[in-house]
$ cat model.tsv   # TSV, N, CA and C atoms
chain	number	residue	atom	x	y	z
A	19	MET	N	55.12	-50.51	16.01
A	19	MET	CA	53.91	-49.83	16.34
A	19	MET	C	53.38	-49.15	15.06
A	20	ARG	N	52.09	-49.17	14.91
A	20	ARG	CA	51.45	-48.65	13.72
A	20	ARG	C	51.02	-47.21	13.96
A	21	ARG	N	51.25	-46.34	13.02
A	21	ARG	CA	50.86	-44.94	13.12
A	21	ARG	C	49.61	-44.71	12.28
A	22	PHE	N	48.55	-44.22	12.91
A	22	PHE	CA	47.30	-43.98	12.20
A	22	PHE	C	47.32	-42.68	11.42
A	23	SER	N	48.22	-41.80	11.76
A	23	SER	CA	48.27	-40.52	11.07
A	23	SER	C	48.87	-40.64	9.68
A	24	GLN	N	49.52	-41.76	9.39
A	24	GLN	CA	50.17	-41.93	8.09
A	24	GLN	C	49.42	-42.93	7.22
A	25	ARG	N	48.12	-42.93	7.27
A	25	ARG	CA	47.32	-43.83	6.42
A	25	ARG	C	47.46	-43.42	4.96
A	26	THR	N	47.34	-44.37	4.11
A	26	THR	CA	47.32	-44.05	2.69
A	26	THR	C	45.88	-43.78	2.28
A	27	HIS	N	45.68	-43.22	1.13
A	27	HIS	CA	44.34	-42.88	0.65
A	27	HIS	C	43.58	-44.10	0.19
A	28	LEU	N	44.22	-45.22	0.04
A	28	LEU	CA	43.57	-46.41	-0.48
A	28	LEU	C	42.97	-47.29	0.61
A	29	VAL	N	43.07	-46.87	1.83
A	29	VAL	CA	42.52	-47.65	2.94
A	29	VAL	C	41.00	-47.51	2.92
A	30	THR	N	40.28	-48.61	2.99
A	30	THR	CA	38.82	-48.57	3.02
A	30	THR	C	38.33	-48.62	4.46
A	31	LEU	N	37.21	-47.98	4.69
A	31	LEU	CA	36.62	-47.99	6.02
A	31	LEU	C	35.76	-49.24	6.18
A	32	SER	N	35.87	-49.90	7.29
A	32	SER	CA	35.08	-51.10	7.52
A	32	SER	C	33.81	-50.78	8.32
A	33	GLU	N	33.63	-49.55	8.73
A	33	GLU	CA	32.46	-49.17	9.49
A	33	GLU	C	31.69	-48.08	8.73
A	34	ILE	N	30.36	-48.16	8.81
A	34	ILE	CA	29.52	-47.16	8.17
A	34	ILE	C	29.08	-46.15	9.23
A	35	ASN	N	29.16	-44.89	8.91
A	35	ASN	CA	28.72	-43.85	9.83
A	35	ASN	C	27.19	-43.72	9.68
A	36	ILE	N	26.44	-44.16	10.69
A	36	ILE	CA	24.98	-44.16	10.58
A	36	ILE	C	24.34	-42.89	11.15
A	37	THR	N	25.10	-41.97	11.66
A	37	THR	CA	24.53	-40.75	12.23
A	37	THR	C	23.72	-39.95	11.20
A	38	PRO	N	24.23	-39.70	9.99
A	38	PRO	CA	23.40	-38.98	9.01
A	38	PRO	C	22.15	-39.76	8.62
A	39	LEU	N	22.25	-41.07	8.60
A	39	LEU	CA	21.09	-41.89	8.27
A	39	LEU	C	20.01	-41.78	9.34
A	40	LEU	N	20.41	-41.78	10.60
A	40	LEU	CA	19.45	-41.61	11.69
A	40	LEU	C	18.84	-40.20	11.69
A	41	ASP	N	19.66	-39.20	11.39
A	41	ASP	CA	19.13	-37.84	11.30
A	41	ASP	C	18.05	-37.74	10.23
A	42	LEU	N	18.29	-38.34	9.08
A	42	LEU	CA	17.31	-38.33	8.00
A	42	LEU	C	16.04	-39.07	8.41
A	43	ALA	N	16.20	-40.20	9.08
A	43	ALA	CA	15.03	-40.98	9.51
A	43	ALA	C	14.18	-40.17	10.50
A	44	PHE	N	14.80	-39.49	11.43
A	44	PHE	CA	14.05	-38.70	12.41
A	44	PHE	C	13.36	-37.50	11.75
A	45	VAL	N	14.01	-36.87	10.82
A	45	VAL	CA	13.39	-35.74	10.12
A	45	VAL	C	12.16	-36.22	9.33
A	46	LEU	N	12.28	-37.34	8.63
A	46	LEU	CA	11.14	-37.87	7.89
A	46	LEU	C	10.01	-38.28	8.84
A	47	LEU	N	10.34	-38.85	9.96
A	47	LEU	CA	9.32	-39.23	10.94
A	47	LEU	C	8.57	-38.00	11.44
A	48	ILE	N	9.27	-36.94	11.74
A	48	ILE	CA	8.63	-35.71	12.21
A	48	ILE	C	7.73	-35.13	11.12
A	49	ILE	N	8.19	-35.14	9.88
A	49	ILE	CA	7.38	-34.61	8.78
A	49	ILE	C	6.09	-35.41	8.65
A	50	PHE	N	6.17	-36.74	8.70
A	50	PHE	CA	4.97	-37.57	8.57
A	50	PHE	C	4.03	-37.39	9.75
A	51	VAL	N	4.56	-37.24	10.93
A	51	VAL	CA	3.71	-37.05	12.12
A	51	VAL	C	2.96	-35.73	12.02
A	52	ILE	N	3.58	-34.71	11.49
A	52	ILE	CA	2.94	-33.40	11.39
A	52	ILE	C	1.92	-33.36	10.25
A	53	THR	N	2.24	-33.95	9.10
A	53	THR	CA	1.36	-33.82	7.94
A	53	THR	C	0.22	-34.82	7.90
A	54	THR	N	0.31	-35.96	8.53
A	54	THR	CA	-0.73	-36.97	8.45
A	54	THR	C	-2.08	-36.48	8.97
A	55	PRO	N	-2.18	-35.82	10.13
A	55	PRO	CA	-3.50	-35.34	10.56
A	55	PRO	C	-4.09	-34.31	9.61
A	56	LEU	N	-3.26	-33.54	8.94
A	56	LEU	CA	-3.78	-32.54	8.01
A	56	LEU	C	-4.38	-33.19	6.77
A	57	LEU	N	-3.87	-34.34	6.37
A	57	LEU	CA	-4.37	-35.02	5.19
A	57	LEU	C	-5.72	-35.68	5.44
A	58	GLU	N	-5.99	-36.06	6.66
A	58	GLU	CA	-7.19	-36.82	6.97
A	58	GLU	C	-8.39	-35.94	7.33
A	59	GLN	N	-8.19	-34.67	7.51
A	59	GLN	CA	-9.30	-33.81	7.89
A	59	GLN	C	-10.19	-33.54	6.69
A	60	SER	N	-11.46	-33.48	6.94
A	60	SER	CA	-12.39	-33.10	5.89
A	60	SER	C	-12.89	-31.69	6.17
A	61	ILE	N	-13.81	-31.26	5.36
A	61	ILE	CA	-14.37	-29.93	5.51
A	61	ILE	C	-15.24	-29.92	6.76
A	62	PRO	N	-15.10	-28.93	7.63
A	62	PRO	CA	-15.89	-28.94	8.88
A	62	PRO	C	-17.36	-28.61	8.62
A	63	LEU	N	-18.19	-29.64	8.63
A	63	LEU	CA	-19.62	-29.48	8.43
A	63	LEU	C	-20.35	-30.09	9.60
A	64	LYS	N	-21.46	-29.52	9.96
A	64	LYS	CA	-22.34	-30.11	10.96
A	64	LYS	C	-23.54	-30.65	10.21
A	65	LEU	N	-23.57	-31.97	10.05
A	65	LEU	CA	-24.65	-32.60	9.29
A	65	LEU	C	-25.87	-32.79	10.17
A	66	PRO	N	-27.07	-32.78	9.58
A	66	PRO	CA	-28.27	-33.06	10.36
A	66	PRO	C	-28.30	-34.52	10.80
A	67	GLU	N	-29.05	-34.80	11.83
A	67	GLU	CA	-29.15	-36.16	12.34
A	67	GLU	C	-30.26	-36.92	11.64
A	68	GLY	N	-30.13	-38.24	11.59
A	68	GLY	CA	-31.18	-39.10	11.03
A	68	GLY	C	-30.63	-39.98	9.93
A	69	GLY	N	-31.54	-40.69	9.27
A	69	GLY	CA	-31.15	-41.51	8.13
A	69	GLY	C	-30.98	-42.97	8.48
A	70	GLN	N	-30.76	-43.76	7.46
A	70	GLN	CA	-30.57	-45.20	7.57
A	70	GLN	C	-29.10	-45.55	7.37
A	71	PRO	N	-28.70	-46.74	7.82
A	71	PRO	CA	-27.32	-47.17	7.54
A	71	PRO	C	-27.09	-47.33	6.03
A	72	ASP	N	-25.85	-47.17	5.62
A	72	ASP	CA	-25.50	-47.24	4.19
A	72	ASP	C	-25.52	-48.67	3.67
A	73	ARG	N	-25.90	-48.78	2.39
A	73	ARG	CA	-25.70	-50.02	1.67
A	73	ARG	C	-24.28	-49.99	1.12
A	74	PRO	N	-23.66	-51.13	0.97
A	74	PRO	CA	-22.31	-51.12	0.39
A	74	PRO	C	-22.35	-50.71	-1.08
A	75	LEU	N	-21.53	-49.74	-1.45
A	75	LEU	CA	-21.43	-49.26	-2.83
A	75	LEU	C	-19.98	-49.32	-3.27
A	76	ASP	N	-19.81	-49.45	-4.57
A	76	ASP	CA	-18.47	-49.39	-5.14
A	76	ASP	C	-17.97	-47.94	-5.05
A	77	PRO	N	-16.84	-47.70	-4.41
A	77	PRO	CA	-16.36	-46.32	-4.25
A	77	PRO	C	-16.08	-45.61	-5.57
A	78	ARG	N	-15.87	-46.36	-6.65
A	78	ARG	CA	-15.63	-45.72	-7.95
A	78	ARG	C	-16.90	-45.12	-8.52
A	79	GLN	N	-18.06	-45.51	-7.99
A	79	GLN	CA	-19.34	-44.99	-8.49
A	79	GLN	C	-19.85	-43.81	-7.66
A	80	VAL	N	-19.11	-43.41	-6.65
A	80	VAL	CA	-19.57	-42.38	-5.73
A	80	VAL	C	-18.74	-41.11	-5.89
A	81	ARG	N	-19.41	-39.97	-5.97
A	81	ARG	CA	-18.76	-38.66	-5.90
A	81	ARG	C	-19.38	-37.90	-4.74
A	82	THR	N	-18.55	-37.32	-3.92
A	82	THR	CA	-19.01	-36.61	-2.74
A	82	THR	C	-18.97	-35.11	-2.98
A	83	VAL	N	-20.12	-34.47	-2.80
A	83	VAL	CA	-20.23	-33.02	-2.92
A	83	VAL	C	-20.53	-32.49	-1.52
A	84	GLU	N	-19.72	-31.55	-1.07
A	84	GLU	CA	-19.92	-30.95	0.23
A	84	GLU	C	-20.28	-29.49	0.04
A	85	ILE	N	-21.25	-29.03	0.84
A	85	ILE	CA	-21.72	-27.65	0.74
A	85	ILE	C	-21.62	-27.02	2.13
A	86	THR	N	-20.85	-25.95	2.23
A	86	THR	CA	-20.69	-25.29	3.52
A	86	THR	C	-21.89	-24.40	3.78
A	87	ALA	N	-21.96	-23.87	5.00
A	87	ALA	CA	-23.06	-22.97	5.36
A	87	ALA	C	-23.02	-21.68	4.54
A	88	GLN	N	-21.84	-21.30	4.05
A	88	GLN	CA	-21.70	-20.10	3.24
A	88	GLN	C	-22.00	-20.34	1.76
A	89	GLY	N	-22.26	-21.59	1.38
A	89	GLY	CA	-22.60	-21.91	0.00
A	89	GLY	C	-21.41	-22.25	-0.88
A	90	VAL	N	-20.30	-22.63	-0.29
A	90	VAL	CA	-19.12	-23.04	-1.06
A	90	VAL	C	-19.26	-24.53	-1.35
A	91	TYR	N	-19.10	-24.90	-2.62
A	91	TYR	CA	-19.23	-26.29	-3.05
A	91	TYR	C	-17.84	-26.92	-3.13
A	92	TYR	N	-17.75	-28.17	-2.70
A	92	TYR	CA	-16.52	-28.95	-2.78
A	92	TYR	C	-16.84	-30.27	-3.47
A	93	LEU	N	-16.05	-30.63	-4.46
A	93	LEU	CA	-16.18	-31.93	-5.11
A	93	LEU	C	-14.95	-32.74	-4.73
A	94	ASP	N	-15.17	-33.82	-4.00
A	94	ASP	CA	-14.07	-34.65	-3.51
A	94	ASP	C	-13.00	-33.80	-2.83
A	95	ARG	N	-13.45	-32.90	-1.97
A	95	ARG	CA	-12.62	-32.03	-1.12
A	95	ARG	C	-11.88	-30.94	-1.87
A	96	ARG	N	-12.26	-30.66	-3.11
A	96	ARG	CA	-11.67	-29.56	-3.87
A	96	ARG	C	-12.74	-28.51	-4.08
A	97	PRO	N	-12.50	-27.24	-3.74
A	97	PRO	CA	-13.52	-26.21	-3.95
A	97	PRO	C	-13.76	-25.96	-5.44
A	98	VAL	N	-15.03	-25.90	-5.82
A	98	VAL	CA	-15.41	-25.66	-7.21
A	98	VAL	C	-16.62	-24.73	-7.25
A	99	ARG	N	-16.80	-24.05	-8.38
A	99	ARG	CA	-18.01	-23.26	-8.58
A	99	ARG	C	-19.12	-24.20	-9.02
A	100	LEU	N	-20.36	-23.76	-8.90
A	100	LEU	CA	-21.50	-24.61	-9.21
A	100	LEU	C	-21.51	-25.03	-10.68
A	101	ASP	N	-21.16	-24.13	-11.60
A	101	ASP	CA	-21.14	-24.51	-13.02
A	101	ASP	C	-20.04	-25.52	-13.33
A	102	GLN	N	-18.89	-25.39	-12.67
A	102	GLN	CA	-17.82	-26.37	-12.83
A	102	GLN	C	-18.25	-27.72	-12.26
A	103	LEU	N	-18.92	-27.68	-11.13
A	103	LEU	CA	-19.42	-28.90	-10.50
A	103	LEU	C	-20.42	-29.61	-11.41
A	104	GLU	N	-21.32	-28.84	-12.00
A	104	GLU	CA	-22.31	-29.39	-12.92
A	104	GLU	C	-21.64	-30.07	-14.10
A	105	ALA	N	-20.66	-29.41	-14.71
A	105	ALA	CA	-19.97	-29.97	-15.87
A	105	ALA	C	-19.21	-31.24	-15.51
A	106	GLN	N	-18.54	-31.23	-14.36
A	106	GLN	CA	-17.76	-32.40	-13.93
A	106	GLN	C	-18.67	-33.59	-13.67
A	107	LEU	N	-19.78	-33.36	-12.95
A	107	LEU	CA	-20.69	-34.47	-12.66
A	107	LEU	C	-21.36	-34.98	-13.93
A	108	ALA	N	-21.72	-34.10	-14.85
A	108	ALA	CA	-22.33	-34.52	-16.11
A	108	ALA	C	-21.37	-35.38	-16.92
A	109	GLN	N	-20.11	-34.98	-16.96
A	109	GLN	CA	-19.11	-35.75	-17.69
A	109	GLN	C	-18.92	-37.14	-17.05
A	110	GLU	N	-18.84	-37.19	-15.74
A	110	GLU	CA	-18.66	-38.47	-15.07
A	110	GLU	C	-19.90	-39.35	-15.22
A	111	PHE	N	-21.09	-38.74	-15.29
A	111	PHE	CA	-22.31	-39.52	-15.47
A	111	PHE	C	-22.37	-40.13	-16.87
A	112	ARG	N	-21.85	-39.40	-17.87
A	112	ARG	CA	-21.81	-39.96	-19.23
A	112	ARG	C	-20.90	-41.19	-19.28
A	113	VAL	N	-19.81	-41.16	-18.54
A	113	VAL	CA	-18.89	-42.30	-18.50
A	113	VAL	C	-19.44	-43.43	-17.65
A	114	ASN	N	-20.07	-43.08	-16.53
A	114	ASN	CA	-20.58	-44.07	-15.58
A	114	ASN	C	-22.03	-43.75	-15.26
A	115	PRO	N	-23.00	-44.41	-15.91
A	115	PRO	CA	-24.41	-44.11	-15.64
A	115	PRO	C	-24.89	-44.58	-14.26
A	116	ASN	N	-24.08	-45.32	-13.52
A	116	ASN	CA	-24.43	-45.75	-12.16
A	116	ASN	C	-23.90	-44.79	-11.10
A	117	LEU	N	-23.56	-43.59	-11.50
A	117	LEU	CA	-22.98	-42.60	-10.59
A	117	LEU	C	-23.97	-42.26	-9.47
A	118	VAL	N	-23.46	-42.25	-8.24
A	118	VAL	CA	-24.23	-41.84	-7.06
A	118	VAL	C	-23.55	-40.60	-6.49
A	119	VAL	N	-24.33	-39.56	-6.23
A	119	VAL	CA	-23.79	-38.32	-5.68
A	119	VAL	C	-24.13	-38.26	-4.20
A	120	TYR	N	-23.10	-38.29	-3.36
A	120	TYR	CA	-23.28	-38.08	-1.93
A	120	TYR	C	-23.28	-36.57	-1.69
A	121	ILE	N	-24.31	-36.07	-1.03
A	121	ILE	CA	-24.41	-34.64	-0.75
A	121	ILE	C	-24.29	-34.45	0.75
A	122	ARG	N	-23.22	-33.79	1.15
A	122	ARG	CA	-23.00	-33.45	2.56
A	122	ARG	C	-23.18	-31.94	2.69
A	123	ALA	N	-24.30	-31.53	3.25
A	123	ALA	CA	-24.59	-30.11	3.39
A	123	ALA	C	-24.67	-29.74	4.86
A	124	ASP	N	-24.09	-28.61	5.20
A	124	ASP	CA	-24.14	-28.13	6.57
A	124	ASP	C	-25.59	-27.84	6.95
A	125	GLU	N	-25.99	-28.28	8.15
A	125	GLU	CA	-27.39	-28.14	8.56
A	125	GLU	C	-27.80	-26.69	8.76
A	126	SER	N	-26.85	-25.79	9.00
A	126	SER	CA	-27.22	-24.39	9.23
A	126	SER	C	-27.20	-23.57	7.93
A	127	GLY	N	-26.82	-24.18	6.83
A	127	GLY	CA	-26.79	-23.47	5.55
A	127	GLY	C	-28.17	-23.41	4.92
A	128	PRO	N	-28.38	-22.44	4.03
A	128	PRO	CA	-29.68	-22.34	3.35
A	128	PRO	C	-29.89	-23.52	2.41
A	129	TYR	N	-31.14	-23.93	2.31
A	129	TYR	CA	-31.49	-25.07	1.47
A	129	TYR	C	-31.33	-24.76	-0.01
A	130	ARG	N	-31.27	-23.50	-0.38
A	130	ARG	CA	-31.19	-23.14	-1.79
A	130	ARG	C	-29.93	-23.69	-2.46
A	131	HIS	N	-28.85	-23.87	-1.70
A	131	HIS	CA	-27.61	-24.42	-2.27
A	131	HIS	C	-27.79	-25.89	-2.64
A	132	VAL	N	-28.48	-26.63	-1.76
A	132	VAL	CA	-28.76	-28.03	-2.04
A	132	VAL	C	-29.72	-28.14	-3.20
A	133	ALA	N	-30.76	-27.31	-3.22
A	133	ALA	CA	-31.74	-27.34	-4.30
A	133	ALA	C	-31.10	-27.01	-5.65
A	134	ALA	N	-30.17	-26.05	-5.65
A	134	ALA	CA	-29.49	-25.69	-6.90
A	134	ALA	C	-28.68	-26.86	-7.42
A	135	LEU	N	-28.00	-27.58	-6.52
A	135	LEU	CA	-27.22	-28.74	-6.93
A	135	LEU	C	-28.13	-29.85	-7.47
A	136	LEU	N	-29.22	-30.13	-6.77
A	136	LEU	CA	-30.15	-31.16	-7.22
A	136	LEU	C	-30.73	-30.82	-8.59
A	137	ASP	N	-31.09	-29.56	-8.80
A	137	ASP	CA	-31.65	-29.13	-10.07
A	137	ASP	C	-30.65	-29.31	-11.20
A	138	ARG	N	-29.41	-28.90	-10.99
A	138	ARG	CA	-28.38	-29.03	-12.03
A	138	ARG	C	-28.11	-30.49	-12.36
A	139	CYS	N	-28.11	-31.35	-11.35
A	139	CYS	CA	-27.88	-32.77	-11.59
A	139	CYS	C	-29.04	-33.39	-12.38
A	140	GLN	N	-30.24	-33.04	-12.01
A	140	GLN	CA	-31.40	-33.62	-12.68
A	140	GLN	C	-31.50	-33.16	-14.14
A	141	ARG	N	-31.00	-32.01	-14.46
A	141	ARG	CA	-30.97	-31.55	-15.86
A	141	ARG	C	-30.17	-32.51	-16.75
A	142	HIS	N	-29.16	-33.15	-16.15
A	142	HIS	CA	-28.29	-34.06	-16.89
A	142	HIS	C	-28.66	-35.52	-16.68
A	143	GLY	N	-29.76	-35.79	-16.00
A	143	GLY	CA	-30.22	-37.16	-15.81
A	143	GLY	C	-29.65	-37.86	-14.59
A	144	ILE	N	-28.94	-37.15	-13.77
A	144	ILE	CA	-28.38	-37.75	-12.56
A	144	ILE	C	-29.48	-37.74	-11.50
A	145	THR	N	-29.96	-38.92	-11.13
A	145	THR	CA	-31.07	-39.01	-10.19
A	145	THR	C	-30.74	-39.84	-8.96
A	146	ARG	N	-29.54	-40.35	-8.87
A	146	ARG	CA	-29.16	-41.16	-7.71
A	146	ARG	C	-28.36	-40.28	-6.74
A	147	PHE	N	-29.01	-39.94	-5.62
A	147	PHE	CA	-28.41	-39.08	-4.60
A	147	PHE	C	-28.45	-39.78	-3.26
A	148	SER	N	-27.58	-39.35	-2.38
A	148	SER	CA	-27.65	-39.75	-0.99
A	148	SER	C	-27.38	-38.50	-0.16
A	149	LEU	N	-28.41	-38.01	0.51
A	149	LEU	CA	-28.27	-36.85	1.39
A	149	LEU	C	-27.69	-37.35	2.70
A	150	ARG	N	-26.46	-37.00	2.97
A	150	ARG	CA	-25.72	-37.54	4.10
A	150	ARG	C	-26.16	-36.89	5.41
A	151	THR	N	-26.26	-37.71	6.45
A	151	THR	CA	-26.66	-37.25	7.78
A	151	THR	C	-25.76	-37.92	8.82
A	152	GLU	N	-25.82	-37.40	10.02
A	152	GLU	CA	-25.14	-38.01	11.16
A	152	GLU	C	-26.09	-39.04	11.79
A	153	PRO	N	-25.56	-40.11	12.37
A	153	PRO	CA	-26.43	-41.05	13.07
A	153	PRO	C	-27.11	-40.38	14.26
A	154	VAL	N	-28.29	-40.83	14.59
A	154	VAL	CA	-29.04	-40.27	15.72
A	154	VAL	C	-28.31	-40.63	17.01
A	155	ARG	N	-28.08	-39.61	17.84
A	155	ARG	CA	-27.42	-39.82	19.14
A	155	ARG	C	-28.47	-40.18	20.16
A	156	ARG	N	-28.24	-41.20	20.91
A	156	ARG	CA	-29.21	-41.64	21.93
A	156	ARG	C	-28.68	-41.45	23.30

$ encode --input "model.tsv" --output "structure tokens"
Amino acid sequence: MRRFSQRTHLVTLSEINITPLLDLAFVLLIIFVITTPLLEQSIPLKLPEGGQPDRPLDPRQVRTVEITAQGVYYLDRRPVRLDQLEAQLAQEFRVNPNLVVYIRADESGPYRHVAALLDRCQRHGITRFSLRTEPVRR
């Protein structure tokens, strides 16, 4: 009869313990389930209704500027001051003269924030804009 209590240290295990591997997989799954919706959210803006359907554009030529009702500017979902925004857009326009600026402004915000952005862009020769709107609800 063989005694299992007297094994030598050189005996190899023929089975892999998968419990820690499953624990790690479940923890990673929970982390991804929790963080994925947070990554996909944009800035909460209520855009005005109207406009035409979009023409297809190369995404590398588009920069999105969002303006909240309180006048906070976001460039590609990062908050920036207006002077920083102006410098960044001017630099990108020098590299890419086909730059199109998508402007998403909250409908309840004052128009002066949009006008200030348009003025700063036009000073640097940026004249291609798209004022973003929501489709008309019927």

$ atom_distance --input "model.tsv" --atom1 "CA of Arg150 (chain A)" --atom2 "CA of Tyr120 (chain A)"
6.5 Å

$ residues_around --input "model.tsv" --residues "region 97-113 of chain A" --least-positions-apart "5" --cutoff "7 Å" --atoms "only N, CA and C atoms" --output "PyMOL selection string"
chain A and resi 90-92+138-139+142+144

$ residues_around --input "model.tsv" --residues "Val132 (chain A)" --least-positions-apart "5" --cutoff "10 Å" --atoms "only C-alpha atoms" --output "ChimeraX atom specification"
/A:83-85,89,91,121-124,127,137,149

$ residues_near_point --input "model.tsv" --point "(-25.2, -36.1, 11.4)" --cutoff "5 Å" --atoms "only N, CA and C atoms" --output "VMD selection string"
chain A and resid 65 to 67 151 to 153

$ select_by_dssp --input "model.tsv" --residues "region 58-128 of chain A" --states "alpha helix (DSSP H)" --output "MDAnalysis selection string"
chainID A and resid 58 100:113

$ residues_around --input "model.tsv" --residues "Pro77 (chain A)" --least-positions-apart "4" --cutoff "10 Å" --atoms "only C-alpha atoms" --output "number ranges by chain"
A: 81, 117-118

$ atom_distance --input "model.tsv" --atom1 "atom N of Ser126 (chain A)" --atom2 "CA of Ala87 (chain A)"
6.0 Å

$ atom_distance --input "model.tsv" --atom1 "atom N of Gln79 (chain A)" --atom2 "atom C of His131 (chain A)"
22.5 Å

$ closest_residue --input "model.tsv" --among "A:Asn114, A:Gln140, A:Ile49, A:Glu125" --to "Asp76 (chain A)" --atoms "only C-alpha atoms"
A:Asn114

$ closest_residue --input "model.tsv" --among "A:Val119, A:Ile34, A:Ser148, A:Thr86" --to "Pro62 (chain A)" --atoms "only N, CA and C atoms"
A:Thr86

$ decode --input "model.tsv" --residues "region 78-92 of chain A" --atoms "N, CA, C and O atoms" --output "CSV table (one decimal), in the first residue's frame"
chain,number,residue,atom,x,y,z
A,78,ARG,N,-9.4,61.9,-38.5
A,78,ARG,CA,-8.1,62.6,-38.2
A,78,ARG,C,-8.2,64.1,-38.5
A,78,ARG,O,-7.4,64.8,-38.0
A,79,GLN,N,-9.1,64.5,-39.3
A,79,GLN,CA,-9.3,65.9,-39.6
A,79,GLN,C,-10.3,66.7,-38.7
A,79,GLN,O,-10.5,67.9,-38.9
A,80,VAL,N,-10.9,66.0,-37.8
A,80,VAL,CA,-11.9,66.6,-37.0
A,80,VAL,C,-11.5,66.7,-35.5
A,80,VAL,O,-10.9,65.8,-35.0
A,81,ARG,N,-11.7,67.9,-35.0
A,81,ARG,CA,-11.5,68.1,-33.5
A,81,ARG,C,-12.9,68.6,-33.0
A,81,ARG,O,-13.5,69.5,-33.6
A,82,THR,N,-13.3,68.0,-31.9
A,82,THR,CA,-14.6,68.3,-31.3
A,82,THR,C,-14.4,69.2,-30.1
A,82,THR,O,-13.6,68.9,-29.2
A,83,VAL,N,-15.0,70.4,-30.1
A,83,VAL,CA,-15.0,71.3,-29.0
A,83,VAL,C,-16.4,71.3,-28.4
A,83,VAL,O,-17.4,71.5,-29.1
A,84,GLU,N,-16.5,71.1,-27.1
A,84,GLU,CA,-17.8,71.1,-26.4
A,84,GLU,C,-17.8,72.2,-25.5
A,84,GLU,O,-16.8,72.5,-24.8
A,85,ILE,N,-19.0,72.9,-25.4
A,85,ILE,CA,-19.1,74.1,-24.5
A,85,ILE,C,-20.4,73.8,-23.7
A,85,ILE,O,-21.5,73.7,-24.2
A,86,THR,N,-20.1,73.8,-22.3
A,86,THR,CA,-21.3,73.6,-21.4
A,86,THR,C,-22.0,74.9,-21.3
A,86,THR,O,-21.6,76.0,-21.7
A,87,ALA,N,-23.2,74.8,-20.6
A,87,ALA,CA,-24.0,76.0,-20.3
A,87,ALA,C,-23.3,77.0,-19.4
A,87,ALA,O,-23.6,78.2,-19.5
A,88,GLN,N,-22.3,76.5,-18.6
A,88,GLN,CA,-21.6,77.4,-17.7
A,88,GLN,C,-20.4,78.0,-18.4
A,88,GLN,O,-19.7,78.8,-17.8
A,89,GLY,N,-20.1,77.7,-19.7
A,89,GLY,CA,-19.0,78.2,-20.4
A,89,GLY,C,-17.7,77.5,-20.3
A,89,GLY,O,-16.6,78.1,-20.5
A,90,VAL,N,-17.7,76.2,-19.9
A,90,VAL,CA,-16.5,75.4,-19.8
A,90,VAL,C,-16.3,74.8,-21.1
A,90,VAL,O,-17.2,74.2,-21.7
A,91,TYR,N,-15.0,74.9,-21.6
A,91,TYR,CA,-14.7,74.4,-23.0
A,91,TYR,C,-14.0,73.1,-22.8
A,91,TYR,O,-13.2,72.9,-21.9
A,92,TYR,N,-14.3,72.1,-23.7
A,92,TYR,CA,-13.7,70.8,-23.7
A,92,TYR,C,-13.2,70.6,-25.1
A,92,TYR,O,-13.9,70.7,-26.1
